[in-house]
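Asks: Structure supplied as protein05.txt; contents: compact mmCIF, C-alpha atoms.
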# COMPACT_ATOMS: atom_id res chain seq x y z
CA MET A 1 -11.67 -7.22 11.96
CA SER A 2 -13.57 -9.39 9.50
CA GLN A 3 -16.37 -7.06 8.47
CA CYS A 4 -16.23 -6.31 4.75
CA GLY A 5 -18.28 -3.56 3.12
CA LEU A 6 -17.39 -4.92 -0.31
CA ILE A 7 -19.91 -7.73 0.21
CA LYS A 8 -22.76 -5.22 -0.01
CA ASN A 9 -21.16 -2.28 -1.85
CA GLN A 10 -19.17 -4.00 -4.62
CA PHE A 11 -20.37 -5.67 -7.81
CA PHE A 12 -18.42 -8.16 -9.92
CA LEU A 13 -19.53 -9.33 -13.38
CA ASP A 14 -18.08 -12.12 -15.54
CA PRO A 15 -18.40 -12.08 -19.35
CA ASP A 16 -20.98 -14.90 -19.28
CA GLY A 17 -23.37 -12.72 -17.29
CA THR A 18 -22.86 -14.35 -13.90
CA THR A 19 -22.29 -12.01 -10.99
CA THR A 20 -21.15 -12.02 -7.37
CA TYR A 21 -19.57 -9.46 -5.05
CA CYS A 22 -15.83 -10.16 -5.24
CA CYS A 23 -13.13 -11.34 -7.66
CA GLU A 24 -10.56 -12.39 -5.05
CA SER A 25 -9.63 -16.08 -5.10
CA VAL A 26 -10.91 -18.45 -2.43
CA PRO A 27 -8.62 -20.82 -0.45
CA ASP A 28 -7.96 -24.26 -1.91
CA GLY A 29 -10.72 -26.66 -0.88
CA VAL A 30 -13.29 -23.90 -0.29
CA ALA A 31 -16.32 -23.66 -2.57
CA GLU A 32 -16.35 -20.75 -4.99
CA ARG A 33 -18.55 -17.79 -4.11
CA LYS A 34 -22.20 -18.19 -4.97
CA THR A 35 -23.05 -16.55 -8.29
CA PHE A 36 -26.28 -15.28 -9.77
CA LYS A 37 -27.63 -14.20 -13.12
CA LEU A 38 -28.25 -10.48 -13.40
CA SER A 39 -31.95 -11.26 -13.82
CA GLU A 40 -31.85 -12.70 -10.28
CA TRP A 41 -30.93 -9.30 -8.81
CA ASP A 42 -33.34 -9.32 -5.84
CA SER A 43 -32.20 -12.77 -4.72
CA LYS A 44 -28.56 -11.78 -5.17
CA ARG A 45 -28.92 -8.66 -3.02
CA LYS A 46 -30.77 -10.46 -0.23
CA TYR A 47 -28.05 -13.12 -0.14
CA GLU A 48 -25.23 -10.56 -0.06
CA LEU A 49 -26.79 -8.40 2.63
CA ASP A 50 -27.25 -11.47 4.82
CA LEU A 51 -23.63 -12.45 4.11
CA TYR A 52 -22.44 -8.98 5.10
CA LYS A 53 -24.11 -9.38 8.49
CA GLN A 54 -22.33 -12.71 8.91
CA SER A 55 -18.98 -11.07 8.15
CA LYS A 56 -19.41 -8.85 11.21
CA GLN A 57 -19.30 -11.95 13.40
CA GLY A 58 -16.13 -13.51 11.98
CA TRP A 59 -14.18 -14.35 8.83
CA LEU A 60 -16.14 -16.13 6.12
CA ASP A 61 -14.36 -19.19 4.70
CA GLU A 62 -14.44 -17.67 1.20
CA CYS A 63 -12.73 -14.53 2.53
CA LEU A 64 -9.78 -16.15 4.32
CA LEU A 65 -7.30 -15.14 1.60
CA CYS A 66 -7.94 -11.52 2.52
CA LYS A 67 -7.18 -12.40 6.14
CA TYR A 68 -3.97 -14.16 5.05
CA ASN A 69 -2.92 -11.20 2.89
CA GLU A 70 -3.58 -8.77 5.71
CA ASP A 71 -1.63 -10.88 8.21
CA THR A 72 1.25 -11.40 5.75
CA PHE A 73 1.45 -8.22 3.68
CA GLY A 74 -0.55 -5.76 5.78
CA SER A 75 -3.22 -5.20 3.14
CA SER A 76 -5.85 -6.99 1.08
CA MET A 77 -8.62 -6.29 -1.40
CA ARG A 78 -10.79 -5.57 1.63
CA THR A 79 -8.43 -2.99 3.16
CA ARG A 80 -7.40 -1.41 -0.15
CA SER A 81 -11.00 -0.51 -0.85
CA ALA A 82 -13.09 2.13 0.82
CA ASN A 83 -14.15 -0.14 3.65
CA ASP A 84 -15.81 2.18 6.10
CA ALA A 85 -18.84 -0.08 6.55
CA GLN A 86 -21.28 2.47 5.19
CA GLU A 87 -24.79 1.84 6.36
CA HIS A 88 -26.34 2.05 2.91
CA ASP A 89 -26.43 -0.97 0.60
CA TYR A 90 -25.84 0.81 -2.70
CA ILE A 91 -23.35 -0.47 -5.25
CA THR A 92 -20.49 2.04 -5.13
CA LYS A 93 -17.76 -0.01 -6.83
CA ALA A 94 -18.05 -2.22 -9.90
CA ILE A 95 -15.56 -4.64 -11.47
CA ILE A 96 -16.88 -5.52 -14.89
CA LYS A 97 -15.70 -8.04 -17.47
CA THR A 98 -17.91 -7.50 -20.48
CA SER A 99 -16.06 -9.82 -22.87
CA ASN A 100 -13.57 -12.71 -22.98
CA HIS A 101 -12.02 -11.37 -26.20
CA CYS A 102 -8.26 -11.40 -25.62
CA ASN A 103 -5.21 -11.42 -27.88
CA LEU A 104 -2.91 -13.17 -25.37
CA ALA A 105 -2.85 -16.73 -24.04
CA CYS A 106 -1.17 -16.15 -20.67
CA ARG A 107 -0.07 -19.47 -19.21
CA MET A 108 -1.84 -18.98 -15.87
CA CYS A 109 -5.09 -17.91 -17.57
CA GLY A 110 -7.47 -20.06 -19.59
CA PRO A 111 -10.07 -20.26 -22.37
CA GLU A 112 -12.91 -18.86 -20.28
CA LEU A 113 -11.19 -15.43 -20.30
CA SER A 114 -9.21 -15.58 -23.54
CA THR A 115 -10.31 -16.22 -27.10
CA LEU A 116 -6.66 -16.76 -28.07
CA TRP A 117 -6.48 -19.55 -25.46
CA GLN A 118 -9.48 -21.10 -27.17
CA LYS A 119 -7.63 -21.04 -30.49
CA VAL A 120 -4.54 -22.62 -28.91
CA ILE A 121 -6.66 -25.52 -27.67
CA ARG A 122 -8.45 -25.92 -30.99
CA ASP A 123 -5.12 -25.98 -32.86
CA ASN A 124 -3.37 -28.18 -30.27
CA PRO A 125 -5.91 -30.61 -28.76
CA SER A 126 -5.00 -32.16 -25.42
CA ASN A 127 -6.87 -34.70 -23.33
CA ASP A 128 -5.59 -32.95 -20.21
CA PHE A 129 -7.05 -29.58 -21.14
CA VAL A 130 -10.64 -29.89 -22.24
CA ILE A 131 -13.03 -26.95 -22.10
CA ASP A 132 -16.81 -26.78 -22.11
CA ASN A 133 -17.32 -23.17 -23.16
CA ASP A 134 -14.83 -22.51 -25.94
CA VAL A 135 -16.84 -19.63 -27.35
CA PHE A 136 -16.76 -15.87 -27.44
CA VAL A 137 -19.05 -14.38 -24.80
CA GLU A 138 -19.97 -10.82 -23.92
CA THR A 139 -22.53 -8.89 -21.94
CA THR A 140 -25.94 -9.03 -23.63
CA ASP A 141 -28.14 -6.02 -24.35
CA ASP A 142 -30.66 -7.27 -21.77
CA ASP A 143 -27.95 -7.49 -19.12
CA PHE A 144 -26.74 -4.01 -20.10
CA GLU A 145 -30.21 -2.66 -19.27
CA ILE A 146 -30.06 -4.28 -15.83
CA LEU A 147 -26.60 -2.78 -15.29
CA LYS A 148 -28.01 0.67 -16.02
CA GLN A 149 -30.76 0.20 -13.47
CA GLN A 150 -28.83 -1.45 -10.65
CA VAL A 151 -25.11 -0.63 -11.00
CA LEU A 152 -24.49 2.37 -13.28
CA THR A 153 -26.28 4.77 -10.94
CA PRO A 154 -25.47 8.07 -9.19
CA HIS A 155 -24.13 6.01 -6.25
CA LEU A 156 -21.29 4.50 -8.32
CA ASN A 157 -17.90 6.12 -7.65
CA SER A 158 -15.46 3.47 -8.90
CA LEU A 159 -15.57 1.46 -12.13
CA ILE A 160 -12.95 -1.12 -13.08
CA PHE A 161 -12.86 -2.72 -16.53
CA SER A 162 -11.14 -6.08 -16.65
CA GLY A 163 -11.09 -8.85 -19.21
CA GLY A 164 -10.38 -10.50 -21.53
CA GLU A 165 -8.53 -7.48 -22.84
CA SER A 166 -10.48 -4.41 -21.74
CA LEU A 167 -9.43 -2.21 -24.65
CA LEU A 168 -10.78 -4.71 -27.19
CA SER A 169 -14.31 -4.73 -25.77
CA LYS A 170 -16.92 -2.63 -27.59
CA LYS A 171 -19.30 -3.10 -24.67
CA ASN A 172 -16.88 -1.28 -22.36
CA TYR A 173 -17.00 1.76 -24.61
CA GLN A 174 -20.81 1.60 -24.68
CA ILE A 175 -20.78 1.76 -20.89
CA ILE A 176 -18.43 4.74 -20.99
CA GLU A 177 -20.70 6.53 -23.47
CA TYR A 178 -23.75 5.85 -21.30
CA LEU A 179 -22.07 7.24 -18.18
CA ILE A 180 -21.02 10.39 -20.03
CA ASP A 181 -24.40 10.96 -21.67
CA SER A 182 -26.19 10.45 -18.35
CA GLY A 183 -23.89 12.89 -16.53
CA LEU A 184 -22.61 10.22 -14.13
CA ALA A 185 -19.02 10.00 -15.37
CA LYS A 186 -17.72 13.10 -13.60
CA ASN A 187 -18.12 11.45 -10.18
CA ILE A 188 -16.52 8.12 -11.13
CA ASP A 189 -12.90 6.97 -10.95
CA LEU A 190 -12.31 4.92 -14.10
CA HIS A 191 -9.78 2.08 -13.88
CA ILE A 192 -8.80 0.12 -16.98
CA THR A 193 -6.87 -3.13 -16.60
CA THR A 194 -4.94 -3.95 -19.76
CA ASN A 195 -2.34 -6.43 -20.97
CA GLY A 196 -0.43 -3.57 -22.61
CA THR A 197 -0.48 -4.94 -26.14
CA VAL A 198 -2.59 -2.17 -27.65
CA LYS A 199 -2.50 1.60 -27.22
CA ILE A 200 -5.61 3.20 -25.83
CA LYS A 201 -7.59 4.69 -28.72
CA ASP A 202 -8.28 8.41 -29.01
CA ALA A 203 -12.01 7.80 -28.63
CA TRP A 204 -11.38 6.16 -25.25
CA LEU A 205 -9.05 8.95 -24.17
CA GLU A 206 -11.48 11.68 -25.12
CA ALA A 207 -14.20 9.89 -23.17
CA ALA A 208 -11.93 9.28 -20.20
CA LYS A 209 -11.46 13.04 -19.79
CA GLU A 210 -15.06 13.13 -18.60
CA PHE A 211 -14.32 10.94 -15.57
CA ASN A 212 -13.03 12.06 -12.20
CA GLU A 213 -9.82 10.06 -12.64
CA LEU A 214 -8.27 7.60 -15.07
CA VAL A 215 -5.99 4.76 -13.96
CA MET A 216 -4.35 2.39 -16.44
CA GLU A 217 -3.21 -0.84 -14.77
CA PHE A 218 -0.82 -2.99 -16.80
CA SER A 219 -0.74 -6.72 -16.15
CA ILE A 220 2.96 -7.66 -16.10
CA ASP A 221 4.39 -10.93 -14.78
CA GLY A 222 8.07 -10.32 -15.30
CA SER A 223 10.33 -8.49 -17.71
CA GLY A 224 12.17 -9.39 -20.90
CA ASN A 225 12.21 -13.10 -21.76
CA VAL A 226 10.28 -14.07 -18.61
CA TYR A 227 7.41 -11.83 -19.68
CA ASP A 228 7.48 -13.20 -23.23
CA TYR A 229 7.39 -16.81 -22.00
CA ILE A 230 4.52 -16.35 -19.57
CA ARG A 231 2.39 -14.25 -21.92
CA PRO A 232 2.29 -15.91 -25.38
CA GLY A 233 1.20 -13.41 -27.97
CA GLY A 234 2.85 -10.58 -26.04
CA ASN A 235 6.22 -8.95 -26.46
CA TRP A 236 8.23 -7.05 -23.86
CA THR A 237 9.40 -4.40 -26.34
CA THR A 238 5.81 -3.70 -27.44
CA LEU A 239 4.68 -3.48 -23.82
CA VAL A 240 7.36 -0.90 -22.99
CA ASP A 241 6.34 1.13 -26.05
CA VAL A 242 2.67 1.12 -24.97
CA ILE A 243 3.57 2.13 -21.40
CA ASN A 244 5.75 5.00 -22.66
CA TYR A 245 2.94 6.15 -24.95
CA THR A 246 0.45 6.13 -22.07
CA GLN A 247 2.74 8.06 -19.75
CA ASN A 248 3.46 10.74 -22.36
CA LEU A 249 -0.16 11.62 -23.04
CA PRO A 250 -0.86 15.36 -22.78
CA TYR A 251 -3.01 14.97 -19.65
CA LYS A 252 -2.84 13.02 -16.43
CA VAL A 253 -3.22 9.26 -16.55
CA PHE A 254 -2.17 7.35 -13.43
CA THR A 255 -0.29 4.15 -14.20
CA LYS A 256 0.30 1.04 -12.10
CA PHE A 257 1.10 -2.61 -12.66
CA ASN A 258 -0.21 -5.97 -11.53
CA TYR A 259 2.11 -8.96 -11.09
CA VAL A 260 0.81 -12.53 -10.65
CA ALA A 261 3.27 -14.43 -8.44
CA GLN A 262 3.51 -18.01 -9.70
CA THR A 263 5.98 -20.84 -10.22
CA LEU A 264 7.02 -19.53 -13.65
CA ASN A 265 8.31 -16.22 -12.32
CA ALA A 266 9.40 -17.19 -8.82
CA GLN A 267 13.08 -16.87 -9.78
CA ILE A 268 12.78 -13.12 -10.47
CA ILE A 269 10.25 -11.93 -7.92
CA HIS A 270 12.88 -9.96 -5.98
CA THR A 271 14.26 -8.20 -9.04
CA TYR A 272 11.11 -7.65 -11.07
CA ILE A 273 10.14 -4.39 -9.37
CA LYS A 274 13.33 -2.65 -10.45
CA HIS A 275 13.00 -4.02 -13.98
CA ILE A 276 9.39 -2.93 -14.30
CA GLU A 277 9.77 0.41 -12.55
CA ASN A 278 12.47 1.31 -15.04
CA VAL A 279 9.76 1.71 -17.67
CA PHE A 280 7.37 3.68 -15.43
CA LYS A 281 7.84 7.33 -14.68
CA GLU A 282 5.80 6.77 -11.57
CA VAL A 283 3.80 3.95 -10.05
CA TYR A 284 0.41 4.80 -8.62
CA THR A 285 0.56 2.79 -5.40
CA ASN A 286 1.50 3.30 -1.78
CA ASN A 287 2.82 -0.22 -1.26
CA LYS A 288 4.72 -2.37 -3.76
CA ASP A 289 3.09 -5.51 -2.30
CA ASP A 290 -0.23 -4.07 -3.50
CA CYS A 291 0.98 -4.82 -7.03
CA ILE A 292 1.44 -8.53 -6.33
CA ARG A 293 -1.35 -11.06 -6.70
CA VAL A 294 -0.42 -14.57 -5.61
CA CYS A 295 -1.76 -17.26 -7.95
CA TYR A 296 -4.12 -19.66 -6.18
CA VAL A 297 -6.60 -20.74 -8.84
CA ALA A 298 -4.77 -23.64 -10.57
CA LEU A 299 -2.42 -25.66 -8.36
CA GLU A 300 -0.01 -26.40 -11.23
CA ASP A 301 0.46 -22.65 -11.81
CA SER A 302 0.72 -21.79 -8.13
CA TYR A 303 3.54 -22.33 -5.67
CA ALA A 304 2.10 -25.80 -5.02
CA SER A 305 4.38 -26.97 -7.85
CA LEU A 306 7.46 -25.16 -6.49
CA HIS A 307 9.81 -27.42 -4.49
CA PRO A 308 10.83 -26.24 -1.00
CA LYS A 309 14.47 -26.09 -2.14
CA LEU A 310 13.50 -23.59 -4.82
CA ARG A 311 11.31 -21.64 -2.42
CA ASP A 312 14.38 -21.23 -0.26
CA LYS A 313 16.64 -20.40 -3.21
CA TYR A 314 14.24 -17.79 -4.60
CA LYS A 315 13.28 -16.52 -1.13
CA VAL A 316 9.54 -16.62 -1.77
CA ASP A 317 8.41 -17.93 1.64
CA LYS A 318 6.55 -14.67 2.19
CA TYR A 319 4.33 -15.46 -0.77
CA SER A 320 4.15 -19.26 -0.54
CA SER A 321 3.84 -19.98 3.18
CA ASN A 322 0.17 -20.98 2.96
CA ILE A 323 0.59 -23.20 -0.12
CA GLU A 324 2.02 -26.68 0.46
CA TYR A 325 4.30 -28.26 -2.11
CA ASP A 326 2.43 -30.98 -4.03
CA PRO A 327 4.38 -33.38 -6.30
CA ASP A 328 1.19 -34.06 -8.26
CA ALA A 329 0.91 -30.34 -8.99
CA PHE A 330 4.47 -30.39 -10.33
CA VAL A 331 3.61 -33.35 -12.58
CA LYS A 332 0.70 -31.41 -14.04
CA PHE A 333 2.94 -28.33 -14.31
CA MET A 334 5.47 -30.25 -16.42
CA ARG A 335 2.83 -31.83 -18.64
CA LYS A 336 1.05 -28.53 -19.14
CA HIS A 337 4.16 -26.66 -20.22
CA LYS A 338 5.32 -29.49 -22.43
CA TRP A 339 2.02 -29.07 -24.26
CA LEU A 340 2.22 -25.27 -24.34
CA ASP A 341 5.88 -25.31 -25.38
CA LYS A 342 4.92 -27.37 -28.40
CA ALA A 343 2.04 -25.01 -29.18
CA HIS A 344 4.15 -21.86 -28.85
CA ASN A 345 7.55 -23.21 -29.97
CA THR A 346 9.14 -22.40 -26.60
CA SER A 347 11.23 -24.27 -24.02
CA LEU A 348 10.56 -24.56 -20.29
CA LYS A 349 14.13 -25.77 -19.79
CA GLN A 350 15.50 -22.61 -21.36
CA HIS A 351 13.06 -20.54 -19.33
CA ASN A 352 14.25 -22.08 -16.05
CA PRO A 353 16.60 -25.11 -15.95
CA ASP A 354 15.96 -25.53 -12.21
CA PHE A 355 12.78 -27.44 -13.05
CA PHE A 356 14.97 -30.12 -14.65
CA ASN A 357 17.51 -30.41 -11.82
CA THR A 358 17.42 -33.96 -10.41
CA SER A 359 18.93 -32.76 -7.12
CA ILE A 360 15.69 -30.78 -6.64
CA TYR A 361 12.94 -32.80 -8.32
CA PRO A 362 12.90 -36.62 -8.68
CA GLU A 363 13.79 -37.75 -12.18
CA GLU A 364 10.49 -39.58 -12.62
CA LEU A 365 8.63 -36.30 -12.11
CA ILE A 366 10.89 -34.40 -14.49
CA ASN A 367 10.35 -37.08 -17.12
CA GLU A 368 6.67 -36.15 -17.27
CA TYR A 369 7.83 -33.29 -19.50
CA TYR A 370 9.11 -35.86 -22.03
CA SER A 371 6.27 -38.36 -21.63
CA ASN A 372 4.19 -39.26 -24.70
CA ARG A 373 1.00 -39.38 -22.66
Using structure tokens, write down the structure that the file contains.

Replies:
Amino acid sequence: MSQCGLIKNQFFLDPDGTTTYCCESVPDGVAERKTFKLSEWDSKRKYELDLYKQSKQGWLDECLLCKYNEDTFGSSMRTRSANDAQEHDYITKAIIKTSNHCNLACRMCGPELSTLWQKVIRDNPSNDFVIDNDVFVETTDDDFEILKQQVLTPHLNSLIFSGGESLLSKKNYQIIEYLIDSGLAKNIDLHITTNGTVKIKDAWLEAAKEFNELVMEFSIDGSGNVYDYIRPGGNWTTLVDVINYTQNLPYKVFTKFNYVAQTLNAQIIHTYIKHIENVFKEVYTNNKDDCIRVCYVALEDSYASLHPKLRDKYKVDKYSSNIEYDPDAFVKFMRKHKWLDKAHNTSLKQHNPDFFNTSIYPEELINEYYSNR
């Protein structure tokens, strides 16, 4: 079944004010989903309603990762959402990124969603990593007014804040205040995605009591030293402290975690759940695979840079079967982390010496890490 109600019932907003219907990645080689400005609302809705009709006839190219995830893991963003093909075309679920302000520079992320990434690039220029929009961006007041009219309505039942770092965005709190003052909050499930570096403030918690449900989702890509390496600016001990604080609040907050499967954590993917669950009293999910997001966006971060020998060693075929190994992706992987190691005073070889094993990767590819280019 290819029909997806999210195309007409879900709203996704980026910090720069562009919007579409979904935040799931698209397959390599497929054009990104068409985006609109909020001021183009009528054109956006006509396009999406037409697209929804097309989805009834077969899988859209931009939606084939959901098909792959359903075939491989038994679920996808499409199936995890309320996908009962309601006949109305109201927006019932919103995923909103109001700001790219972030205090981490996660290696698989980038400057468009992290102000710390922007600083890393400014302090450590690289010809390989040039950005066009190295500025702080957030939802404008004009766009906020459109959100009130078209998205933050009595039909909305699910609101997800993402980032940047959600808890650092003042605009997110303005949205919360508006929903409370307008009486809409009580019917909405509030979901806050966070990197776990800061404790939720009392003002947020008091406001969250007004919502039907509060879920805190922690983005975690490994434990201990693996976490620290992948998420510069973060610290595993601090993360555990924040999670413990959240779980010991005097009222119910559901907690879950999100893990981005990538080359840098492939070696621990089969042990990470136990490590991470040790710091959670409970995990708000019915399926552990629901917590895993496979990295597709940048080939050098994805399993495209992971040699078949390592795929076999780490037993990640389940997650990498639709991503072919690409030696060029590994070259970029080595050059990227050479650059980031210098910026963060870290060592890829210490993180995982398998990337430097000449019985796995050709020496000329490994030497890209030491190249002066």

Asks: A:Phe280, A:Ala94, A:Gly233, A:Phe73: which is nearest Leu147 in chain A, counting all atoms listed in the file?

Replies: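 With all atoms listed in the file as the atom set, the closest residue is A:Ala94.
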
Asks: Go through A:Tyr173, A:Tyr296, A:Phe11, A:Phe144 and flag the residue nearest Leu156 in chain A, using only C-alpha atoms for the distances.

Replies: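 Checking each candidate against Leu156 in chain A, we get A:Phe11 as the closest.
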
Asks: Would you mind reading off the distance between CA of Gly58 in chain A and CA of Leu13 in chain A, one decimal, in Å?

Replies: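 One can read the CA of Gly58 in chain A to CA of Leu13 in chain A distance as 25.9 Å.
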
Asks: One number please: CA of Asn124 in chain A to CA of Ala261 in chain A, in Å, one decimal.

Replies: 26.6 Å

Asks: Please report, as JSON lines, each residue of range 6-29 of chain A lying at most 10 Å from range 39-57 of chain A, together with the nearest pair of atoms and the separation in Å rounded to one decimal; use all atoms listed in the file, and order rows by chain and ascending residue number.

Replies:
{"residue": "A:Leu6", "atom": "CA", "partner": "A:Tyr52", "partner_atom": "CA", "distance": 8.4}
{"residue": "A:Ile7", "atom": "CA", "partner": "A:Tyr52", "partner_atom": "CA", "distance": 5.6}
{"residue": "A:Lys8", "atom": "CA", "partner": "A:Leu49", "partner_atom": "CA", "distance": 5.8}
{"residue": "A:Asn9", "atom": "CA", "partner": "A:Glu48", "partner_atom": "CA", "distance": 9.4}
{"residue": "A:Gly17", "atom": "CA", "partner": "A:Ser39", "partner_atom": "CA", "distance": 9.4}
{"residue": "A:Thr18", "atom": "CA", "partner": "A:Ser39", "partner_atom": "CA", "distance": 9.6}
{"residue": "A:Thr19", "atom": "CA", "partner": "A:Lys44", "partner_atom": "CA", "distance": 8.6}
{"residue": "A:Thr20", "atom": "CA", "partner": "A:Lys44", "partner_atom": "CA", "distance": 7.7}
{"residue": "A:Tyr21", "atom": "CA", "partner": "A:Glu48", "partner_atom": "CA", "distance": 7.6}

Asks: Take range 47-58 of chain A, model N, CA, C and O atoms, and hand the result over as a compact mmCIF listing (two decimals), keeping the file's coordinate frame.

Replies:
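And here is the file that came out, part_17.txt:
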# COMPACT_ATOMS: atom_id res chain seq x y z
N TYR A 47 -29.12 -12.22 -0.55
CA TYR A 47 -28.05 -13.12 -0.14
C TYR A 47 -26.83 -12.34 0.34
O TYR A 47 -26.25 -12.65 1.39
N GLU A 48 -26.44 -11.31 -0.41
CA GLU A 48 -25.23 -10.56 -0.06
C GLU A 48 -25.41 -9.74 1.21
O GLU A 48 -24.48 -9.62 2.02
N LEU A 49 -26.56 -9.17 1.41
CA LEU A 49 -26.79 -8.40 2.63
C LEU A 49 -26.78 -9.30 3.85
O LEU A 49 -26.28 -8.91 4.93
N ASP A 50 -27.31 -10.50 3.72
CA ASP A 50 -27.25 -11.47 4.82
C ASP A 50 -25.79 -11.87 5.07
O ASP A 50 -25.36 -12.01 6.23
N LEU A 51 -25.04 -12.06 3.99
CA LEU A 51 -23.63 -12.45 4.11
C LEU A 51 -22.82 -11.34 4.78
O LEU A 51 -21.91 -11.62 5.58
N TYR A 52 -23.13 -10.11 4.47
CA TYR A 52 -22.44 -8.98 5.10
C TYR A 52 -22.64 -9.01 6.61
O TYR A 52 -21.69 -8.80 7.38
N LYS A 53 -23.84 -9.29 7.06
CA LYS A 53 -24.11 -9.38 8.49
C LYS A 53 -23.27 -10.49 9.12
O LYS A 53 -22.73 -10.33 10.22
N GLN A 54 -23.14 -11.61 8.40
CA GLN A 54 -22.33 -12.71 8.91
C GLN A 54 -20.86 -12.30 9.04
O GLN A 54 -20.17 -12.73 9.97
N SER A 55 -20.39 -11.47 8.12
CA SER A 55 -18.98 -11.07 8.15
C SER A 55 -18.65 -10.23 9.37
O SER A 55 -17.48 -10.11 9.77
N LYS A 56 -19.65 -9.63 9.99
CA LYS A 56 -19.41 -8.85 11.21
C LYS A 56 -19.06 -9.75 12.38
O LYS A 56 -18.42 -9.32 13.33
N GLN A 57 -19.49 -11.02 12.29
CA GLN A 57 -19.30 -11.95 13.40
C GLN A 57 -17.98 -12.71 13.32
O GLN A 57 -17.53 -13.28 14.31
N GLY A 58 -17.37 -12.76 12.15
CA GLY A 58 -16.13 -13.51 11.98
C GLY A 58 -15.82 -13.71 10.50
O GLY A 58 -16.66 -13.44 9.63
